[in-house]
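**Q** model.txt is the file, holding compact mmCIF, C-alpha atoms and all ligand atoms:
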# COMPACT_ATOMS: atom_id res chain seq x y z
CA MET L 1 -168.96 85.50 122.14
CA SER L 2 -169.90 89.05 123.08
CA ILE L 3 -168.50 92.37 124.27
CA LEU L 4 -169.85 94.72 126.92
CA VAL L 5 -169.92 98.36 125.85
CA THR L 6 -170.90 101.08 128.34
CA GLY L 7 -172.36 104.39 127.15
CA GLY L 8 -173.04 102.96 123.70
CA ALA L 9 -176.11 105.16 123.16
CA GLY L 10 -173.91 108.28 123.20
CA PHE L 11 -171.93 109.85 120.38
CA ILE L 12 -168.67 107.86 120.30
CA GLY L 13 -170.14 104.67 121.78
CA ALA L 14 -172.84 104.48 119.10
CA ASN L 15 -170.28 105.07 116.34
CA PHE L 16 -168.11 102.35 117.89
CA ILE L 17 -170.95 99.80 117.97
CA LEU L 18 -171.96 100.54 114.37
CA ASN L 19 -168.37 100.22 113.20
CA TRP L 20 -167.72 97.09 115.30
CA LEU L 21 -170.74 95.25 113.89
CA LYS L 22 -170.00 96.42 110.34
CA ALA L 23 -166.52 94.91 110.69
CA GLY L 24 -168.10 91.56 111.67
CA GLY L 25 -167.61 91.88 115.45
CA ASP L 26 -169.35 89.76 118.08
CA LYS L 27 -172.65 90.61 119.74
CA VAL L 28 -172.69 93.82 121.79
CA ILE L 29 -174.32 94.25 125.19
CA ASN L 30 -174.79 98.00 125.58
CA LEU L 31 -175.14 99.21 129.18
CA ASP L 32 -176.36 102.79 129.08
CA LYS L 33 -178.19 104.96 131.60
CA LEU L 34 -179.80 106.99 128.80
CA THR L 35 -179.00 110.39 130.29
CA TYR L 36 -179.79 113.46 128.18
CA ALA L 37 -176.79 112.45 126.00
CA GLY L 38 -177.90 108.87 125.39
CA ASN L 39 -180.15 108.27 122.40
CA LYS L 40 -181.80 104.92 121.70
CA MET L 41 -182.52 106.06 118.14
CA ASN L 42 -178.80 105.84 117.27
CA LEU L 43 -178.92 102.03 117.36
CA ALA L 44 -182.66 101.33 117.04
CA HIS L 45 -182.28 99.73 113.61
CA LEU L 46 -179.92 97.00 114.89
CA PRO L 47 -181.45 93.56 115.60
CA SER L 48 -181.31 92.49 119.26
CA GLU L 49 -179.21 89.44 118.28
CA SER L 50 -176.46 91.96 117.32
CA CYS L 51 -176.92 94.61 119.95
CA GLU L 52 -178.85 94.40 123.20
CA LEU L 53 -179.55 97.59 125.13
CA VAL L 54 -179.58 97.30 128.93
CA VAL L 55 -180.75 100.53 130.53
CA GLY L 56 -178.81 101.03 133.74
CA ASP L 57 -175.97 102.72 135.59
CA ILE L 58 -172.29 101.67 135.48
CA GLY L 59 -172.31 102.42 139.23
CA ASP L 60 -174.83 99.62 139.87
CA ASP L 61 -172.57 96.78 140.99
CA LYS L 62 -175.28 94.09 141.07
CA LEU L 63 -176.33 94.88 137.52
CA VAL L 64 -172.76 95.01 136.17
CA ARG L 65 -171.82 91.72 137.87
CA SER L 66 -174.92 89.96 136.55
CA LEU L 67 -174.16 91.17 133.01
CA LEU L 68 -170.59 89.88 133.28
CA MET L 69 -171.79 86.53 134.66
CA ASP L 70 -174.63 86.03 132.19
CA HIS L 71 -172.85 87.11 129.00
CA LYS L 72 -169.20 86.32 129.80
CA PRO L 73 -167.97 89.06 127.44
CA ASP L 74 -164.42 88.97 126.04
CA CYS L 75 -163.94 92.64 126.87
CA VAL L 76 -165.48 95.74 128.38
CA VAL L 77 -165.17 99.02 126.48
CA ASN L 78 -166.00 101.93 128.79
CA PHE L 79 -167.43 105.01 127.03
CA ALA L 80 -170.00 105.88 129.73
CA ALA L 81 -169.31 109.31 131.12
CA GLU L 82 -170.54 112.79 131.71
CA SER L 83 -168.61 114.44 128.90
CA HIS L 84 -169.33 118.18 128.60
CA VAL L 85 -166.92 120.68 130.21
CA ASP L 86 -169.50 123.49 130.47
CA ARG L 87 -171.95 121.21 132.33
CA SER L 88 -169.15 120.16 134.69
CA ILE L 89 -168.58 123.83 135.56
CA LEU L 90 -172.26 124.37 136.37
CA GLY L 91 -172.77 121.04 138.20
CA PRO L 92 -169.79 118.75 138.88
CA ALA L 93 -171.55 116.14 141.09
CA ASP L 94 -172.72 113.86 138.24
CA PHE L 95 -169.16 113.89 136.87
CA ILE L 96 -167.77 112.57 140.15
CA ASN L 97 -170.47 109.90 140.41
CA THR L 98 -170.30 108.54 136.87
CA ASN L 99 -166.73 109.21 135.79
CA ILE L 100 -164.97 108.30 139.03
CA VAL L 101 -167.28 106.15 141.16
CA GLY L 102 -168.84 104.48 138.09
CA THR L 103 -165.44 103.55 136.63
CA PHE L 104 -164.33 102.30 140.05
CA ASN L 105 -167.39 100.03 140.17
CA LEU L 106 -166.66 98.67 136.68
CA LEU L 107 -163.08 97.89 137.70
CA GLU L 108 -164.16 96.19 140.91
CA SER L 109 -166.83 94.16 139.10
CA VAL L 110 -164.36 93.06 136.42
CA ARG L 111 -161.79 92.14 139.08
CA TRP L 112 -164.40 90.02 140.85
CA HIS L 113 -165.50 88.42 137.56
CA LEU L 114 -161.98 87.55 136.40
CA GLY L 115 -161.41 85.87 139.76
CA GLN L 116 -164.07 83.31 138.80
CA LEU L 117 -162.59 82.46 135.39
CA GLU L 118 -159.93 79.99 134.32
CA PRO L 119 -156.59 81.88 134.20
CA ALA L 120 -156.27 81.28 130.44
CA VAL L 121 -159.72 82.81 129.78
CA ALA L 122 -159.08 85.68 132.22
CA GLY L 123 -155.76 86.34 130.46
CA ARG L 124 -157.52 86.99 127.15
CA PHE L 125 -159.98 89.48 128.70
CA ARG L 126 -159.49 93.23 128.11
CA PHE L 127 -160.87 96.31 129.89
CA LEU L 128 -160.52 99.31 127.59
CA HIS L 129 -161.06 102.69 129.21
CA VAL L 130 -161.81 105.59 126.86
CA SER L 131 -160.38 108.87 128.14
CA THR L 132 -159.42 112.31 126.95
CA ASP L 133 -156.39 114.48 126.20
CA GLU L 134 -157.86 117.09 128.56
CA VAL L 135 -156.27 115.23 131.50
CA TYR L 136 -152.90 116.66 130.38
CA GLY L 137 -154.03 120.28 130.84
CA SER L 138 -153.35 123.25 128.60
CA LEU L 139 -150.45 123.89 126.17
CA GLY L 140 -148.82 127.13 125.06
CA PRO L 141 -148.46 127.81 121.32
CA ASP L 142 -144.90 126.41 121.13
CA ASP L 143 -145.17 123.57 123.65
CA HIS L 144 -144.61 120.00 122.48
CA SER L 145 -147.81 117.99 121.94
CA PHE L 146 -149.08 115.60 124.66
CA THR L 147 -147.29 112.26 124.75
CA GLU L 148 -148.25 109.33 126.97
CA GLU L 149 -145.52 110.52 129.37
CA THR L 150 -146.89 114.06 129.79
CA ALA L 151 -147.75 114.78 133.45
CA TYR L 152 -151.43 115.03 134.28
CA ALA L 153 -152.65 118.59 135.00
CA PRO L 154 -156.46 118.67 134.60
CA ASN L 155 -158.12 122.09 134.83
CA SER L 156 -161.90 121.50 134.76
CA PRO L 157 -164.13 119.31 136.95
CA TYR L 158 -164.68 117.18 133.82
CA SER L 159 -160.99 116.62 133.10
CA ALA L 160 -160.22 116.12 136.81
CA SER L 161 -162.87 113.40 137.00
CA LYS L 162 -161.47 111.69 133.88
CA ALA L 163 -157.94 111.96 135.29
CA ALA L 164 -159.08 110.30 138.52
CA SER L 165 -160.67 107.45 136.55
CA ASP L 166 -157.46 107.00 134.51
CA HIS L 167 -155.46 106.74 137.73
CA LEU L 168 -157.79 104.05 139.06
CA VAL L 169 -157.46 102.09 135.81
CA ARG L 170 -153.67 102.35 136.03
CA ALA L 171 -153.69 101.26 139.69
CA TYR L 172 -155.82 98.17 138.90
CA PHE L 173 -153.20 97.06 136.40
CA HIS L 174 -150.28 97.52 138.76
CA THR L 175 -151.99 96.20 141.90
CA TYR L 176 -154.30 93.48 140.60
CA HIS L 177 -152.87 92.81 137.12
CA LEU L 178 -156.21 93.63 135.54
CA PRO L 179 -155.65 93.54 131.75
CA VAL L 180 -156.50 97.18 131.09
CA LEU L 181 -155.90 99.49 128.14
CA THR L 182 -156.38 103.27 128.26
CA THR L 183 -156.87 105.57 125.29
CA ASN L 184 -156.63 109.37 125.56
CA CYS L 185 -158.07 111.01 122.48
CA SER L 186 -158.51 114.55 121.26
CA ASN L 187 -161.80 116.34 120.40
CA ASN L 188 -164.07 114.13 118.29
CA TYR L 189 -166.53 115.27 115.64
CA GLY L 190 -168.82 113.49 113.20
CA PRO L 191 -172.32 111.96 112.96
CA TYR L 192 -174.55 111.56 116.06
CA GLN L 193 -172.81 114.15 118.25
CA PHE L 194 -175.15 115.85 120.70
CA PRO L 195 -175.39 119.54 119.70
CA GLU L 196 -174.04 120.96 122.95
CA LYS L 197 -170.44 120.52 121.68
CA LEU L 198 -168.78 123.13 119.43
CA ILE L 199 -169.14 121.62 115.96
CA PRO L 200 -172.77 120.38 115.97
CA LEU L 201 -173.89 123.43 117.99
CA MET L 202 -172.40 125.78 115.39
CA ILE L 203 -173.77 123.75 112.46
CA LEU L 204 -177.33 123.79 113.79
CA ASN L 205 -177.27 127.42 114.95
CA ALA L 206 -175.82 128.59 111.64
CA LEU L 207 -178.31 126.50 109.66
CA SER L 208 -181.24 128.28 111.23
CA GLY L 209 -179.70 131.75 111.43
CA ARG L 210 -179.10 131.84 115.20
CA GLU L 211 -176.10 133.50 116.87
CA LEU L 212 -172.80 131.59 116.91
CA PRO L 213 -171.47 131.99 120.49
CA VAL L 214 -167.66 132.00 120.34
CA TYR L 215 -166.07 131.96 123.81
CA GLY L 216 -163.50 134.73 124.38
CA ASP L 217 -161.23 135.52 121.43
CA GLY L 218 -161.93 132.19 119.67
CA ARG L 219 -158.23 131.46 119.31
CA GLN L 220 -158.20 128.39 121.52
CA VAL L 221 -156.84 125.39 119.66
CA ARG L 222 -158.26 121.84 119.56
CA ASP L 223 -156.85 118.80 117.71
CA TRP L 224 -159.85 117.42 115.79
CA LEU L 225 -160.34 113.68 115.32
CA HIS L 226 -163.12 112.25 113.15
CA VAL L 227 -165.14 109.79 115.22
CA GLU L 228 -164.82 107.04 112.57
CA ASP L 229 -161.03 107.29 112.81
CA HIS L 230 -161.29 107.20 116.60
CA VAL L 231 -163.42 104.04 116.75
CA ARG L 232 -161.13 102.31 114.25
CA ALA L 233 -158.20 103.13 116.52
CA ILE L 234 -160.05 101.70 119.53
CA ARG L 235 -160.60 98.41 117.65
CA LEU L 236 -156.87 98.30 116.89
CA VAL L 237 -155.96 98.92 120.53
CA LEU L 238 -158.33 96.15 121.63
CA GLU L 239 -156.85 93.77 119.10
CA LYS L 240 -153.15 94.57 119.38
CA GLY L 241 -152.61 96.86 122.40
CA GLU L 242 -150.41 95.79 125.26
CA PRO L 243 -152.21 95.50 128.64
CA GLY L 244 -151.24 98.28 131.02
CA ARG L 245 -150.28 100.58 128.15
CA VAL L 246 -151.75 104.00 127.33
CA TYR L 247 -152.36 105.11 123.73
CA ASN L 248 -152.92 108.74 122.70
CA ILE L 249 -155.19 109.11 119.66
CA GLY L 250 -155.23 112.36 117.67
CA GLY L 251 -156.35 113.56 114.27
CA ARG L 252 -153.27 115.56 113.20
CA ALA L 253 -155.68 118.49 112.74
CA GLU L 254 -155.03 121.35 115.15
CA LYS L 255 -157.37 124.29 114.51
CA PRO L 256 -158.27 127.50 116.34
CA ASN L 257 -162.00 127.63 117.12
CA MET L 258 -162.63 130.64 114.86
CA GLU L 259 -161.18 128.72 111.91
CA VAL L 260 -163.59 125.84 112.61
CA VAL L 261 -166.57 128.20 112.86
CA THR L 262 -165.54 130.02 109.66
CA LEU L 263 -165.29 126.70 107.76
CA ILE L 264 -168.73 125.59 109.00
CA CYS L 265 -170.23 128.90 107.83
CA SER L 266 -168.71 128.63 104.38
CA LEU L 267 -169.78 124.98 103.97
CA LEU L 268 -173.38 125.85 104.90
CA ASP L 269 -173.39 128.94 102.65
CA GLU L 270 -172.21 126.70 99.81
CA MET L 271 -174.66 123.84 100.48
CA VAL L 272 -177.81 125.71 101.60
CA PHE L 273 -177.42 129.47 101.08
CA ASP L 274 -180.39 131.32 102.58
CA PRO L 275 -180.86 134.95 101.45
CA LYS L 276 -182.87 135.68 104.61
CA ILE L 277 -179.80 134.73 106.71
CA GLY L 278 -177.07 136.04 104.39
CA PRO L 279 -173.37 135.11 104.88
CA ARG L 280 -173.41 133.07 108.07
CA LEU L 281 -170.10 134.37 109.40
CA ASN L 282 -172.06 137.52 110.34
CA LEU L 283 -173.85 135.43 112.99
CA VAL L 284 -170.65 135.11 115.10
CA LYS L 285 -170.98 136.67 118.53
CA HIS L 286 -168.01 136.75 120.91
CA VAL L 287 -169.41 135.89 124.35
CA PRO L 288 -167.66 135.83 127.77
CA ASP L 289 -164.98 133.15 128.01
CA ARG L 290 -165.44 129.80 129.77
CA PRO L 291 -163.89 129.90 133.30
CA GLY L 292 -160.49 128.12 133.32
CA HIS L 293 -160.68 127.67 129.53
CA ASP L 294 -157.76 125.53 128.30
CA ARG L 295 -155.89 127.33 125.53
CA ARG L 296 -154.53 124.50 123.42
CA TYR L 297 -154.71 120.70 123.18
CA SER L 298 -152.49 118.74 120.84
CA ILE L 299 -151.78 115.01 120.63
CA ASP L 300 -148.49 113.45 119.65
CA PRO L 301 -149.72 110.22 118.03
CA THR L 302 -146.26 108.64 117.56
CA ARG L 303 -146.87 105.61 119.81
CA ILE L 304 -150.12 104.42 118.25
CA SER L 305 -148.77 105.16 114.78
CA LYS L 306 -145.48 103.28 115.26
CA GLU L 307 -146.66 100.41 117.47
CA LEU L 308 -150.11 99.72 116.05
CA GLY L 309 -149.87 101.28 112.59
CA PHE L 310 -152.76 103.71 113.13
CA GLU L 311 -153.19 106.79 110.93
CA PRO L 312 -156.36 108.89 110.63
CA LYS L 313 -158.08 108.61 107.23
CA TYR L 314 -160.01 111.87 107.36
CA ASP L 315 -158.40 115.24 106.86
CA PHE L 316 -160.32 118.00 108.63
CA ALA L 317 -161.81 119.59 105.49
CA SER L 318 -163.31 116.33 104.16
CA GLY L 319 -164.38 115.18 107.64
CA LEU L 320 -166.14 118.46 108.37
CA ARG L 321 -167.87 118.45 104.97
CA GLN L 322 -169.17 114.91 105.62
CA THR L 323 -170.33 115.95 109.11
CA VAL L 324 -172.20 119.05 107.90
CA ARG L 325 -173.85 116.90 105.20
CA TRP L 326 -174.90 114.34 107.86
CA TYR L 327 -176.65 117.00 109.97
CA LEU L 328 -178.43 118.33 106.87
CA ASP L 329 -179.55 114.83 105.85
CA ASN L 330 -180.75 113.79 109.32
CA ALA L 331 -183.31 116.46 110.19
CA GLU L 332 -185.50 113.95 112.08
CA TRP L 333 -182.61 112.94 114.38
CA VAL L 334 -181.82 116.63 114.96
CA LYS L 335 -185.46 117.46 115.76
CA ASN L 336 -185.62 114.61 118.28
CA VAL L 337 -182.47 115.58 120.19
CA GLN L 338 -183.49 119.23 120.37
CA SER L 339 -185.94 118.24 123.08
CA GLY L 340 -187.01 120.01 126.29
CA GLU L 341 -183.74 119.13 128.04
CA TYR L 342 -181.70 120.51 125.14
CA ARG L 343 -183.65 123.76 125.15
CA ARG L 344 -183.26 124.09 128.91
CA TRP L 345 -179.47 123.69 128.52
CA ILE L 346 -179.23 126.28 125.75
CA GLY L 347 -181.30 128.74 127.80
CA ARG L 348 -179.17 128.18 130.89
CA GLN L 349 -175.78 128.30 129.19
CA TYR L 350 -176.29 131.03 126.60
CA GLY L 351 -178.79 133.23 128.41
CA ALA L 352 -182.44 134.21 128.28
CA GLY L 353 -183.79 134.79 124.80
CA THR L 354 -181.84 132.00 123.13
CA GLU L 355 -184.31 129.43 124.48
CA GLU L 356 -187.27 131.08 122.78
CA ASN L 357 -185.29 131.19 119.55
CA HIS L 358 -185.39 127.40 119.54
CA GLU L 359 -189.20 127.18 119.52
P1 LIG F 1 -171.67 111.39 125.29
O1 LIG F 1 -171.93 112.39 126.36
O2 LIG F 1 -172.17 111.65 123.91
O3 LIG F 1 -172.28 109.95 125.72
C1 LIG F 1 -172.12 109.43 127.00
C2 LIG F 1 -173.03 108.19 127.11
O4 LIG F 1 -172.85 107.63 128.43
C3 LIG F 1 -174.52 108.50 126.98
O5 LIG F 1 -175.15 107.54 126.17
C4 LIG F 1 -175.04 108.43 128.41
O6 LIG F 1 -176.41 108.04 128.49
C5 LIG F 1 -174.12 107.36 129.00
N1 LIG F 1 -173.97 107.47 130.46
C6 LIG F 1 -173.75 108.58 131.19
N2 LIG F 1 -173.70 108.27 132.50
C7 LIG F 1 -173.86 106.92 132.59
C8 LIG F 1 -173.88 105.99 133.66
N3 LIG F 1 -173.71 106.40 134.94
N4 LIG F 1 -174.07 104.68 133.39
C9 LIG F 1 -174.27 104.25 132.12
N5 LIG F 1 -174.27 105.09 131.06
C10 LIG F 1 -174.06 106.41 131.29
O7 LIG F 1 -170.11 111.16 125.32
P2 LIG F 1 -169.11 110.87 124.09
O8 LIG F 1 -168.77 112.15 123.45
O9 LIG F 1 -169.66 109.75 123.29
O10 LIG F 1 -167.82 110.39 124.90
C11 LIG F 1 -167.57 109.01 125.17
C12 LIG F 1 -166.30 108.90 125.99
O11 LIG F 1 -165.22 109.49 125.27
C13 LIG F 1 -166.36 109.64 127.33
O12 LIG F 1 -165.70 108.86 128.29
C14 LIG F 1 -165.60 110.92 127.08
O13 LIG F 1 -164.99 111.39 128.27
C15 LIG F 1 -164.57 110.46 126.07
N6 LIG F 1 -164.09 111.52 125.16
C16 LIG F 1 -164.95 112.21 124.37
C17 LIG F 1 -164.46 113.18 123.49
C18 LIG F 1 -165.36 113.97 122.56
O14 LIG F 1 -164.86 114.82 121.84
N7 LIG F 1 -166.65 113.69 122.51
C19 LIG F 1 -163.09 113.47 123.46
C20 LIG F 1 -162.25 112.76 124.30
C21 LIG F 1 -162.75 111.76 125.13
P1 LIG F 2 -166.28 121.65 123.31
O1 LIG F 2 -166.92 121.10 122.08
O2 LIG F 2 -167.17 121.95 124.49
O3 LIG F 2 -165.10 120.66 123.71
P2 LIG F 2 -163.94 120.84 124.83
O4 LIG F 2 -164.26 121.96 125.72
O5 LIG F 2 -164.04 119.54 125.55
O6 LIG F 2 -162.67 121.02 124.06
O7 LIG F 2 -165.54 122.99 122.93
C1 LIG F 2 -164.52 123.03 121.94
C2 LIG F 2 -163.95 124.42 121.92
O8 LIG F 2 -164.98 125.33 121.48
C3 LIG F 2 -163.53 124.92 123.30
O9 LIG F 2 -162.36 125.73 123.15
C4 LIG F 2 -164.69 125.77 123.76
C5 LIG F 2 -165.23 126.35 122.46
N1 LIG F 2 -166.70 126.63 122.43
C6 LIG F 2 -167.16 127.89 122.07
O10 LIG F 2 -166.37 128.80 121.74
N2 LIG F 2 -168.51 128.12 122.05
C7 LIG F 2 -169.40 127.15 122.41
O11 LIG F 2 -170.64 127.44 122.41
C8 LIG F 2 -168.92 125.85 122.76
C9 LIG F 2 -169.87 124.75 123.15
C10 LIG F 2 -167.54 125.64 122.76
If you took the structure in this file and wrote it as structure tokens, what would it be?
**A**
Amino acid sequence: MSILVTGGAGFIGANFILNWLKAGGDKVINLDKLTYAGNKMNLAHLPSESCELVVGDIGDDKLVRSLLMDHKPDCVVNFAAESHVDRSILGPADFINTNIVGTFNLLESVRWHLGQLEPAVAGRFRFLHVSTDEVYGSLGPDDHSFTEETAYAPNSPYSASKAASDHLVRAYFHTYHLPVLTTNCSNNYGPYQFPEKLIPLMILNALSGRELPVYGDGRQVRDWLHVEDHVRAIRLVLEKGEPGRVYNIGGRAEKPNMEVVTLICSLLDEMVFDPKIGPRLNLVKHVPDRPGHDRRYSIDPTRISKELGFEPKYDFASGLRQTVRWYLDNAEWVKNVQSGEYRRWIGRQYGAGTEENHE
């Protein structure tokens, strides 16, 4: 028995694999292209009998079909994606290739594979597609949170590419009866997140006394979900979810960005005060806003709560404290991910000067 995970060397995929194996799950085949966001170190300590890394592209149909044939997994969990909005604004092509064409190839390969199996075995198979709340677009302060019925209105190349992949997944259920499940979650945070995203970027900049670049007025709202809660929810959906159904997963923790940054600064001042840096909130710099910046995301988690009994265990304060602690305790991991590619990104996104500050 095994499962095929794609993108398992990234932030959420790695947390999922660790959690899955800890809970006694079957062997994992991890198909990952190891882009800048994939990190072999995240899973390097696992024995190959528990987790086998296959370096490759979800868009490679021969490779995906041979993995399905050789391992006959019970399910595919698709995390592989280009996942950063700012990168999608500067260069959308990779987002189209991986998020849309790659997902299409996975669906086609699974459809072909299920055609070779006994109907009873094929009936037990699941294809779980991990998506985002960003497909629903932007909310005003008083709008109702996103439900599974909210109309899609993606605003960035990233969210448009995820929306397209969700539509394909839906179509494969209705047209070919592929046993799919889709989850749309809110912003994740926690251990192993690549420091291009808000929370780890702010933790690491604040730790070393660099500027904290807040886009625009910093009053945009995100609904924060601890990654360990998210991967637990995914296991529940795999186990009990109804094929063809969509499940929104949120953390019941809506926060404006400035509140998140302020909390990070106070946690670091408390844990590792540095007189040379002083109070870290002084490092905040309001920089020009992201083009097309969505104002507010918010998940209504009623369906997954009522139907599958899921509730997040972390509140934001305890989850953020644990996350800050993790980045402090894992200096080697941090040093390794702040490689040449990371420095190039920081230089490109935040302007000349910042790159040198990372030397
Ligand atoms: P990530 O960027 O940290 O990791 C993505 C992983 O996919 C990396 O290991 C990368 O090497 C791999 N990958 C990229 N292109 C590939 C390809 N063509 N073939 C095989 N592997 C490839 O992303 P994440 O934050 O772990 O997100 C995982 C999923 O969750 C994504 O689908 C993302 O859209 C979704 N999501 C993330 C968040 C969040 O807050 N991080 C929120 C909502 C939804
Ligand atoms: P991000 O982590 O990129 O996730 P997403 O855009 O998918 O929600 O950003 C979270 C919020 O933080 C978003 O409103 C943009 C903002 N942000 C900044 O203000 N400064 C930054 O340097 C980054 C990376 C994000």
**Q** Need the neighbours of (-159.4, 113.7, 115.9): which residues are at most 8 Å away, counting only C-alpha atoms, as a list in words?
**A**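 With a cut-off of 8 Å, the residues come to Cys185, Ser186, Asn187, Asn188, Tyr189, Asp223, Trp224, Leu225, His226, Val227, Asp229, His230, Ile249, Gly250, Gly251, Arg252, Ala253 and Pro312 of chain L.
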**Q** Find, counting all atoms listed in the file, the residue in L:Leu31, L:Glu254, L:Arg235, L:Asp269 that gets nearest to Asp315 of chain L.
**A** L:Glu254
**Q** Please measure the separation of atom CA of Gly309 of chain L and atom CA of Glu239 of chain L, giving the value in Å to one decimal.
**A**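 For atom CA of Gly309 of chain L relative to atom CA of Glu239 of chain L, the distance reads 12.1 Å.
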**Q** Axis-aligned box over every listed atom of ligand LIG 2 (chain F), padded by 6 Å per side: centre and edges in Å to one decimal, as AutoDock Vina command-line options?
**A**
--center_x -166.5 --center_y 124.2 --center_z 123.6 --size_x 20.3 --size_y 21.3 --size_z 16.2
**Q** Check the smallest atom-to-atom distance from each of L:Val130, L:Ile346, L:Ile304, L:Val180 to ligand LIG 2 (chain F) using all atoms listed in the file, then report the winner.
**A** L:Ile346
**Q** Around ligand LIG 1 (chain F), which protein and nucleic acid residues have at least one atom no more than 7 Å from it, if we count only C-alpha atoms and all ligand atoms? List them as a count of residues only.
**A** 43
**Q** Can you pull out every residue with an atom within 7 Å of ligand LIG 2 (chain F)? Use all atoms listed in the file and format it as a list in words.
**A** His84, Val85, Asp86, Asn187, Glu196, Lys197, Leu198, Ile199, Leu201, Pro213, Val214, Tyr215, Gly218, Gln220, Val221, Arg222, Asn257, His293 and Asp294 of chain L
**Q** May I have the residues within 12 Å of Leu238 of chain L as an mmCIF file with C-alpha atoms, in the coordinates of the input, using only C-alpha atoms and disregarding those fewer than 3 positions away in the same chain?
**A**
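As a result, around18.cif now contains:
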data_model
loop_
_atom_site.group_PDB
_atom_site.id
_atom_site.type_symbol
_atom_site.label_atom_id
_atom_site.label_comp_id
_atom_site.auth_asym_id
_atom_site.auth_seq_id
_atom_site.Cartn_x
_atom_site.Cartn_y
_atom_site.Cartn_z
ATOM 1 C CA ILE L 3 -168.500 92.370 124.270
ATOM 2 C CA TRP L 20 -167.720 97.090 115.300
ATOM 3 C CA GLY L 25 -167.610 91.880 115.450
ATOM 4 C CA ASP L 74 -164.420 88.970 126.040
ATOM 5 C CA CYS L 75 -163.940 92.640 126.870
ATOM 6 C CA VAL L 76 -165.480 95.740 128.380
ATOM 7 C CA VAL L 77 -165.170 99.020 126.480
ATOM 8 C CA ASN L 78 -166.000 101.930 128.790
ATOM 9 C CA ARG L 124 -157.520 86.990 127.150
ATOM 10 C CA PHE L 125 -159.980 89.480 128.700
ATOM 11 C CA ARG L 126 -159.490 93.230 128.110
ATOM 12 C CA PHE L 127 -160.870 96.310 129.890
ATOM 13 C CA LEU L 128 -160.520 99.310 127.590
ATOM 14 C CA HIS L 129 -161.060 102.690 129.210
ATOM 15 C CA VAL L 130 -161.810 105.590 126.860
ATOM 16 C CA PRO L 179 -155.650 93.540 131.750
ATOM 17 C CA VAL L 180 -156.500 97.180 131.090
ATOM 18 C CA LEU L 181 -155.900 99.490 128.140
ATOM 19 C CA THR L 182 -156.380 103.270 128.260
ATOM 20 C CA THR L 183 -156.870 105.570 125.290
ATOM 21 C CA VAL L 231 -163.420 104.040 116.750
ATOM 22 C CA ARG L 232 -161.130 102.310 114.250
ATOM 23 C CA ALA L 233 -158.200 103.130 116.520
ATOM 24 C CA ILE L 234 -160.050 101.700 119.530
ATOM 25 C CA ARG L 235 -160.600 98.410 117.650
ATOM 26 C CA GLY L 241 -152.610 96.860 122.400
ATOM 27 C CA GLU L 242 -150.410 95.790 125.260
ATOM 28 C CA PRO L 243 -152.210 95.500 128.640
ATOM 29 C CA GLY L 244 -151.240 98.280 131.020
ATOM 30 C CA ARG L 245 -150.280 100.580 128.150
ATOM 31 C CA VAL L 246 -151.750 104.000 127.330
ATOM 32 C CA TYR L 247 -152.360 105.110 123.730
ATOM 33 C CA LEU L 308 -150.110 99.720 116.050
#
**Q** Using all atoms listed in the file, which of L:His144, L:Arg296, L:Glu134, L:Ser165 sits nearest Arg219 of chain L?
**A**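 Going through L:His144, L:Arg296, L:Glu134, L:Ser165 one by one, the smallest distance to Arg219 of chain L is for L:Arg296.
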**Q** Which residue gives the smallest distance to Val110 of chain L among L:Tyr152, L:Ala206, L:Leu178, L:Asp166, with only C-alpha atoms counted?
**A**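 Checking each of L:Tyr152, L:Ala206, L:Leu178, L:Asp166 against Val110 of chain L, counting only C-alpha atoms, the winner is L:Leu178.
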**Q** Leu90 of chain L: which residues within 12 Å, counting all atoms listed in the file, same-chain residues fewer than 4 positions away excluded, as a list in words?
**A** His84, Val85, Asp86, Asp94, Phe95, Ser156, Pro157, Tyr158, Arg290, Pro291, Trp345, Arg348 and Gln349 of chain L
**Q** So the first atom is atom CA of Leu4 of chain L and the second is atom CA of Ile29 of chain L; what is the distance between them in Å, to one decimal place?
**A**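 A separation of 4.8 Å between them.
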**Q** L:Asp60, L:Asp70, L:Asp329, L:Asp143: which is nearest Phe104 of chain L, counting all atoms listed in the file?
**A**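 Distance minimum relative to Phe104 of chain L lands on L:Asp60.
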**Q** If we count all atoms listed in the file and set the cut-off at 7 Å, which residues sit around Tyr136 of chain L, ignoring sequence neighbours fewer than 5 positions away in its own chain? Please answer as a PDB file with C-alpha atoms, keeping the file's coordinate frame.
**A**
ATOM      1  CA  PHE L 146    -149.080 115.600 124.660  1.00  0.00           C
ATOM      2  CA  THR L 150    -146.890 114.060 129.790  1.00  0.00           C
ATOM      3  CA  ALA L 151    -147.750 114.780 133.450  1.00  0.00           C
ATOM      4  CA  TYR L 152    -151.430 115.030 134.280  1.00  0.00           C
ATOM      5  CA  ALA L 153    -152.650 118.590 135.000  1.00  0.00           C
ATOM      6  CA  PRO L 154    -156.460 118.670 134.600  1.00  0.00           C
TER       7      PRO L 154
END
**Q** Return the single residue from L:Gly209, L:Gly123, L:Pro141, L:Pro256 that is closest to Gly278 of chain L, with distances computed using only C-alpha atoms.
**A**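 Of L:Gly209, L:Gly123, L:Pro141, L:Pro256, the one nearest Gly278 of chain L, counting only C-alpha atoms, is L:Gly209.
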**Q** Please report the interatomic distance between atom CA of Arg170 of chain L and atom CA of Asn30 of chain L in Å with one decimal.
**A**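 Value for the atom CA of Arg170 of chain L-atom CA of Asn30 of chain L distance: 24.0 Å.
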**Q** Quick one: residues within 12 Å of Ile277 of chain L, all atoms listed in the file, excluding same-chain residues fewer than 2 positions away - as a list in words?
**A**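 The neighbour list is Asn205, Ala206, Leu207, Ser208, Gly209, Arg210, Glu211, Cys265, Leu268, Asp269, Val272, Phe273, Asp274, Pro275, Pro279, Arg280, Leu281, Asn282 and Leu283 of chain L.
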